[in-house]
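A.B. asks: Structure file structure.txt (compact mmCIF, N, CA and C atoms) right here:
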```txt
# COMPACT_ATOMS: atom_id res chain seq x y z
N MET L 283 18.33 93.48 46.67
CA MET L 283 19.22 94.57 46.32
C MET L 283 18.67 95.86 46.95
N THR L 284 19.54 96.61 47.55
CA THR L 284 19.12 97.85 48.20
C THR L 284 18.81 98.93 47.17
N ARG L 285 18.09 99.93 47.61
CA ARG L 285 17.75 101.05 46.73
C ARG L 285 19.01 101.73 46.21
N SER L 286 19.99 101.92 47.09
CA SER L 286 21.26 102.55 46.71
C SER L 286 21.98 101.72 45.64
N ALA L 287 21.99 100.40 45.82
CA ALA L 287 22.64 99.52 44.85
C ALA L 287 21.92 99.58 43.51
N ARG L 288 20.58 99.62 43.53
CA ARG L 288 19.82 99.72 42.28
C ARG L 288 20.11 101.03 41.56
N ASN L 289 20.18 102.13 42.32
CA ASN L 289 20.49 103.44 41.72
C ASN L 289 21.88 103.44 41.12
N SER L 290 22.84 102.84 41.82
CA SER L 290 24.21 102.78 41.32
C SER L 290 24.27 101.97 40.03
N LEU L 291 23.58 100.83 40.01
CA LEU L 291 23.55 99.99 38.81
C LEU L 291 22.88 100.74 37.66
N ARG L 292 21.80 101.46 37.95
CA ARG L 292 21.11 102.23 36.92
C ARG L 292 22.03 103.31 36.34
N GLN L 293 22.80 103.98 37.21
CA GLN L 293 23.73 105.02 36.75
C GLN L 293 24.83 104.42 35.89
N GLU L 294 25.36 103.26 36.29
CA GLU L 294 26.40 102.60 35.49
C GLU L 294 25.86 102.19 34.13
N THR L 295 24.64 101.65 34.11
CA THR L 295 24.03 101.25 32.85
C THR L 295 23.82 102.47 31.96
N GLN L 296 23.36 103.57 32.53
CA GLN L 296 23.16 104.80 31.76
C GLN L 296 24.50 105.30 31.21
N LEU L 297 25.56 105.22 32.00
CA LEU L 297 26.89 105.62 31.51
C LEU L 297 27.32 104.74 30.34
N ASP L 298 27.05 103.44 30.41
CA ASP L 298 27.37 102.54 29.30
C ASP L 298 26.67 102.99 28.03
N VAL L 299 25.41 103.34 28.15
CA VAL L 299 24.62 103.78 27.00
C VAL L 299 25.17 105.09 26.44
N VAL L 300 25.54 106.01 27.33
CA VAL L 300 26.09 107.30 26.90
C VAL L 300 27.43 107.10 26.20
N PHE L 301 28.33 106.33 26.80
CA PHE L 301 29.64 106.13 26.17
C PHE L 301 29.52 105.36 24.86
N ASN L 302 28.56 104.44 24.77
CA ASN L 302 28.32 103.75 23.51
C ASN L 302 27.87 104.76 22.45
N ALA L 303 26.96 105.64 22.82
CA ALA L 303 26.49 106.65 21.87
C ALA L 303 27.62 107.56 21.42
N LEU L 304 28.50 107.91 22.34
CA LEU L 304 29.62 108.80 22.02
C LEU L 304 30.75 108.10 21.27
N SER L 305 30.70 106.78 21.18
CA SER L 305 31.79 106.03 20.55
C SER L 305 31.81 106.17 19.03
N ASP L 306 30.75 106.69 18.45
CA ASP L 306 30.66 106.81 17.00
C ASP L 306 30.90 108.25 16.56
N SER L 307 31.78 108.44 15.59
CA SER L 307 32.14 109.80 15.16
C SER L 307 30.96 110.55 14.53
N THR L 308 30.10 109.84 13.82
CA THR L 308 28.92 110.50 13.23
C THR L 308 28.04 111.07 14.33
N ARG L 309 27.81 110.29 15.37
CA ARG L 309 26.97 110.77 16.47
C ARG L 309 27.62 111.93 17.20
N ARG L 310 28.95 111.87 17.38
CA ARG L 310 29.64 113.00 18.03
C ARG L 310 29.52 114.26 17.17
N LYS L 311 29.60 114.13 15.87
CA LYS L 311 29.44 115.28 14.97
C LYS L 311 28.02 115.82 15.03
N MET L 312 27.06 114.93 15.15
CA MET L 312 25.66 115.36 15.26
C MET L 312 25.48 116.17 16.55
N LEU L 313 26.05 115.70 17.64
CA LEU L 313 25.97 116.43 18.90
C LEU L 313 26.65 117.79 18.79
N SER L 314 27.80 117.83 18.13
CA SER L 314 28.49 119.11 17.95
C SER L 314 27.62 120.09 17.17
N SER L 315 26.95 119.59 16.17
CA SER L 315 26.05 120.43 15.38
C SER L 315 24.90 120.95 16.25
N LEU L 316 24.36 120.09 17.10
CA LEU L 316 23.25 120.49 17.96
C LEU L 316 23.68 121.45 19.07
N MET L 317 24.96 121.51 19.36
CA MET L 317 25.44 122.46 20.36
C MET L 317 25.22 123.90 19.88
N ARG L 318 25.13 124.08 18.57
CA ARG L 318 24.91 125.42 18.01
C ARG L 318 23.43 125.76 17.93
N GLY L 319 22.56 124.82 18.34
CA GLY L 319 21.14 125.09 18.36
C GLY L 319 20.32 123.93 17.81
N SER L 320 19.03 124.02 18.05
CA SER L 320 18.08 123.01 17.61
C SER L 320 18.10 122.90 16.08
N LYS L 321 17.91 121.68 15.58
CA LYS L 321 17.89 121.45 14.14
C LYS L 321 16.81 120.43 13.80
N THR L 322 16.30 120.52 12.59
CA THR L 322 15.40 119.47 12.12
C THR L 322 16.26 118.26 11.75
N VAL L 323 15.62 117.11 11.61
CA VAL L 323 16.36 115.91 11.23
C VAL L 323 17.02 116.12 9.87
N THR L 324 16.32 116.76 8.97
CA THR L 324 16.87 117.02 7.62
C THR L 324 18.10 117.92 7.71
N GLU L 325 18.04 118.96 8.51
CA GLU L 325 19.19 119.85 8.69
C GLU L 325 20.36 119.10 9.32
N LEU L 326 20.04 118.25 10.27
CA LEU L 326 21.07 117.48 10.95
C LEU L 326 21.74 116.49 10.00
N ALA L 327 20.97 115.95 9.07
CA ALA L 327 21.49 114.95 8.13
C ALA L 327 22.30 115.56 6.99
N GLU L 328 22.07 116.84 6.73
CA GLU L 328 22.65 117.51 5.56
C GLU L 328 24.16 117.30 5.35
N PRO L 329 25.01 117.48 6.37
CA PRO L 329 26.45 117.36 6.10
C PRO L 329 26.96 115.92 5.93
N PHE L 330 26.11 114.93 6.15
CA PHE L 330 26.55 113.54 6.10
C PHE L 330 26.17 112.88 4.78
N ASP L 331 27.06 112.04 4.30
CA ASP L 331 26.82 111.32 3.06
C ASP L 331 26.27 109.93 3.38
N ILE L 332 25.20 109.92 4.18
CA ILE L 332 24.54 108.66 4.52
C ILE L 332 23.03 108.87 4.39
N SER L 333 22.30 107.77 4.31
CA SER L 333 20.86 107.84 4.09
C SER L 333 20.12 108.41 5.30
N LEU L 334 18.92 108.89 5.05
CA LEU L 334 18.06 109.39 6.13
C LEU L 334 17.71 108.28 7.13
N PRO L 335 17.46 107.03 6.68
CA PRO L 335 17.24 105.95 7.65
C PRO L 335 18.47 105.71 8.55
N ALA L 336 19.67 105.86 8.00
CA ALA L 336 20.88 105.70 8.82
C ALA L 336 20.98 106.83 9.84
N ILE L 337 20.65 108.04 9.42
CA ILE L 337 20.63 109.19 10.35
C ILE L 337 19.63 108.91 11.46
N SER L 338 18.47 108.38 11.09
CA SER L 338 17.43 108.08 12.07
C SER L 338 17.92 107.05 13.09
N LYS L 339 18.68 106.06 12.65
CA LYS L 339 19.23 105.06 13.57
C LYS L 339 20.21 105.71 14.54
N HIS L 340 21.06 106.59 14.03
CA HIS L 340 21.99 107.31 14.90
C HIS L 340 21.23 108.15 15.92
N LEU L 341 20.18 108.82 15.47
CA LEU L 341 19.37 109.63 16.38
C LEU L 341 18.72 108.78 17.47
N LYS L 342 18.26 107.59 17.11
CA LYS L 342 17.65 106.72 18.10
C LYS L 342 18.65 106.31 19.18
N VAL L 343 19.90 106.09 18.78
CA VAL L 343 20.95 105.77 19.76
C VAL L 343 21.17 106.96 20.69
N LEU L 344 21.24 108.16 20.10
CA LEU L 344 21.43 109.37 20.90
C LEU L 344 20.23 109.62 21.82
N GLU L 345 19.05 109.35 21.33
CA GLU L 345 17.85 109.52 22.15
C GLU L 345 17.81 108.50 23.30
N SER L 346 18.20 107.27 23.01
CA SER L 346 18.18 106.26 24.07
C SER L 346 19.21 106.58 25.16
N ALA L 347 20.26 107.29 24.79
CA ALA L 347 21.26 107.74 25.77
C ALA L 347 20.83 109.05 26.42
N ARG L 348 19.68 109.56 26.02
CA ARG L 348 19.12 110.82 26.53
C ARG L 348 20.01 112.02 26.19
N LEU L 349 20.82 111.88 25.16
CA LEU L 349 21.68 112.98 24.72
C LEU L 349 20.96 113.92 23.78
N VAL L 350 19.89 113.43 23.16
CA VAL L 350 19.11 114.23 22.21
C VAL L 350 17.64 114.09 22.56
N GLU L 351 16.95 115.21 22.50
CA GLU L 351 15.49 115.22 22.68
C GLU L 351 14.87 115.63 21.36
N ARG L 352 13.80 114.92 20.99
CA ARG L 352 13.12 115.20 19.72
C ARG L 352 11.70 115.64 20.00
N THR L 353 11.30 116.70 19.31
CA THR L 353 9.91 117.14 19.36
C THR L 353 9.36 117.09 17.94
N ILE L 354 8.08 116.84 17.83
CA ILE L 354 7.46 116.70 16.51
C ILE L 354 6.38 117.75 16.36
N GLU L 355 6.49 118.51 15.27
CA GLU L 355 5.47 119.49 14.90
C GLU L 355 4.98 119.13 13.51
N GLY L 356 3.82 118.51 13.46
CA GLY L 356 3.33 118.03 12.16
C GLY L 356 4.23 116.91 11.66
N ARG L 357 4.83 117.15 10.49
CA ARG L 357 5.74 116.15 9.92
C ARG L 357 7.20 116.50 10.17
N VAL L 358 7.45 117.60 10.86
CA VAL L 358 8.81 118.07 11.08
C VAL L 358 9.29 117.64 12.47
N HIS L 359 10.44 116.97 12.48
CA HIS L 359 11.05 116.53 13.73
C HIS L 359 12.20 117.47 14.08
N HIS L 360 12.13 118.06 15.27
CA HIS L 360 13.17 118.97 15.75
C HIS L 360 14.00 118.24 16.81
N CYS L 361 15.30 118.41 16.75
CA CYS L 361 16.20 117.77 17.71
C CYS L 361 16.99 118.84 18.44
N ARG L 362 17.21 118.57 19.73
CA ARG L 362 18.08 119.46 20.50
C ARG L 362 18.89 118.60 21.46
N ILE L 363 20.03 119.12 21.84
CA ILE L 363 20.93 118.39 22.73
C ILE L 363 20.44 118.48 24.17
N SER L 364 20.71 117.45 24.92
CA SER L 364 20.39 117.41 26.34
C SER L 364 21.71 117.20 27.09
N ALA L 365 22.08 118.15 27.91
CA ALA L 365 23.42 118.15 28.52
C ALA L 365 23.55 117.24 29.74
N LYS L 366 22.46 116.88 30.39
CA LYS L 366 22.54 116.12 31.66
C LYS L 366 23.38 114.85 31.55
N PRO L 367 23.17 113.99 30.53
CA PRO L 367 24.00 112.79 30.45
C PRO L 367 25.49 113.09 30.26
N LEU L 368 25.79 114.19 29.57
CA LEU L 368 27.20 114.58 29.40
C LEU L 368 27.78 115.04 30.73
N GLU L 369 26.98 115.73 31.52
CA GLU L 369 27.42 116.16 32.85
C GLU L 369 27.72 114.94 33.72
N ASP L 370 26.85 113.93 33.66
CA ASP L 370 27.05 112.71 34.43
C ASP L 370 28.33 111.99 34.00
N ALA L 371 28.57 111.94 32.70
CA ALA L 371 29.79 111.30 32.19
C ALA L 371 31.03 112.08 32.64
N GLU L 372 30.94 113.41 32.61
CA GLU L 372 32.07 114.24 33.05
C GLU L 372 32.35 114.02 34.53
N LYS L 373 31.31 113.91 35.33
CA LYS L 373 31.50 113.64 36.77
C LYS L 373 32.20 112.31 36.98
N TRP L 374 31.80 111.31 36.22
CA TRP L 374 32.44 110.00 36.34
C TRP L 374 33.91 110.08 35.95
N LEU L 375 34.19 110.76 34.85
CA LEU L 375 35.58 110.91 34.40
C LEU L 375 36.42 111.73 35.38
N SER L 376 35.80 112.68 36.05
CA SER L 376 36.56 113.54 36.97
C SER L 376 37.17 112.75 38.13
N HIS L 377 36.56 111.61 38.47
CA HIS L 377 37.13 110.77 39.52
C HIS L 377 38.52 110.27 39.14
N TYR L 378 38.78 110.16 37.85
CA TYR L 378 40.06 109.64 37.37
C TYR L 378 41.07 110.75 37.07
N ARG L 379 40.60 111.99 37.09
CA ARG L 379 41.48 113.13 36.77
C ARG L 379 42.67 113.18 37.73
N THR L 380 42.45 112.95 39.00
CA THR L 380 43.53 112.97 39.98
C THR L 380 44.58 111.93 39.63
N PHE L 381 44.13 110.76 39.23
CA PHE L 381 45.05 109.69 38.84
C PHE L 381 45.88 110.12 37.63
N TRP L 382 45.19 110.64 36.57
CA TRP L 382 45.91 111.05 35.37
C TRP L 382 46.91 112.15 35.68
N GLU L 383 46.45 113.16 36.41
CA GLU L 383 47.32 114.29 36.71
C GLU L 383 48.48 113.87 37.58
N GLY L 384 48.24 112.97 38.54
CA GLY L 384 49.32 112.46 39.38
C GLY L 384 50.36 111.71 38.57
N ASN L 385 49.91 110.91 37.63
CA ASN L 385 50.85 110.18 36.77
C ASN L 385 51.61 111.13 35.86
N LEU L 386 50.95 112.13 35.35
CA LEU L 386 51.63 113.10 34.48
C LEU L 386 52.66 113.91 35.27
N ASP L 387 52.30 114.27 36.51
CA ASP L 387 53.25 114.99 37.36
C ASP L 387 54.47 114.12 37.66
N ALA L 388 54.25 112.85 37.94
CA ALA L 388 55.36 111.92 38.21
C ALA L 388 56.23 111.76 36.97
N LEU L 389 55.60 111.69 35.80
CA LEU L 389 56.36 111.57 34.56
C LEU L 389 57.19 112.83 34.33
N LYS L 390 56.61 113.99 34.57
CA LYS L 390 57.32 115.25 34.41
C LYS L 390 58.53 115.29 35.33
N GLU L 391 58.35 114.90 36.60
CA GLU L 391 59.47 114.87 37.54
C GLU L 391 60.56 113.92 37.08
N TYR L 392 60.16 112.76 36.59
CA TYR L 392 61.13 111.76 36.12
C TYR L 392 61.93 112.31 34.95
N ILE L 393 61.24 112.95 34.00
CA ILE L 393 61.93 113.50 32.82
C ILE L 393 62.87 114.62 33.24
N GLU L 394 62.41 115.51 34.12
CA GLU L 394 63.27 116.60 34.58
C GLU L 394 64.48 116.07 35.33
N LYS L 395 64.30 115.04 36.12
CA LYS L 395 65.41 114.43 36.86
C LYS L 395 66.38 113.77 35.91
N SER L 396 65.84 113.08 34.88
CA SER L 396 66.70 112.42 33.89
C SER L 396 67.50 113.43 33.08
N ASP L 397 66.87 114.58 32.77
CA ASP L 397 67.56 115.61 32.00
C ASP L 397 68.74 116.20 32.80
N LYS L 398 68.58 116.30 34.11
CA LYS L 398 69.64 116.86 34.95
C LYS L 398 70.82 115.89 35.08
N GLU L 399 70.54 114.60 35.03
CA GLU L 399 71.60 113.59 35.18
C GLU L 399 72.27 113.44 33.88
```
Mind turning this structure into structure tokens?
C.D. replies:
Amino acid sequence: MTRSARNSLRQETQLDVVFNALSDSTRRKMLSSLMRGSKTVTELAEPFDISLPAISKHLKVLESARLVERTIEGRVHHCRISAKPLEDAEKWLSHYRTFWEGNLDALKEYIEKSDKE
């Protein structure tokens, strides 16, 4: 396998991990909370009616997707969002934007044409 093929496979695998992490509403809410700034695990868990071990599992998924970075000071764990994986996902999605917009434009033309007839 060529170096380019390995890099491409690695990027696709990373995208799978990112989209898997984003597939859960709790994790998306955690990311939204972190967009407003760094939080401790306890602060991050506060709005959710789930156990701290469940929060920790969600955080591990976000960390494995590189969406969250955790630093430890003594017994306090601080979490912050990492934007790079989101940028990569947005770049991947942008390849399909032309397709979506083209289909929407065609639909708009069809509806306008049908309304005139």
A.B. asks: To one decimal in Å, tell me the separation between CA of Ala388 (chain L) and atom N of Leu375 (chain L).
C.D. replies: 21.5 Å
A.B. asks: For a cut-off of 6 Å around (19.8, 115.0, 28.2), file coordinates, pick out all residues using all atoms listed in the file and list them as a ChimeraX atom specification.
C.D. replies: /L:348-350,363-367
A.B. asks: Which value, in Å to one decimal, gives the distance between CA of Phe381 (chain L) and atom N of Glu394 (chain L)?
C.D. replies: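 Computing it gives 18.9 Å between the two atoms.
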A.B. asks: For the atom pair CA of Asn302 (chain L) and CA of Thr322 (chain L), what is the interatomic distance in Å to one decimal place?
C.D. replies: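 Separation between CA of Asn302 (chain L) and CA of Thr322 (chain L): 23.3 Å.
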A.B. asks: Compare L:Ile393, L:Ala371, L:Leu341, L:Leu334 by their minimum atom-to-atom distance to Arg309 (chain L), counting all atoms listed in the file, and give me the closest one.
C.D. replies: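 Among the listed residues, the smallest separation from Arg309 (chain L) belongs to L:Leu341.
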A.B. asks: Give me the residues within 8 Å of region 310-315 of chain L as a list in words, counting only N, CA and C atoms and dropping any in the same chain fewer than 2 places off.
C.D. replies: Ala303, Leu304, Ser305, Asp306, Ser307, Thr308, Met317, Arg318, Gly319, Ser320, Lys321, Leu326, Ala327, Leu349, Val350, Arg362 and Ile363 of chain L
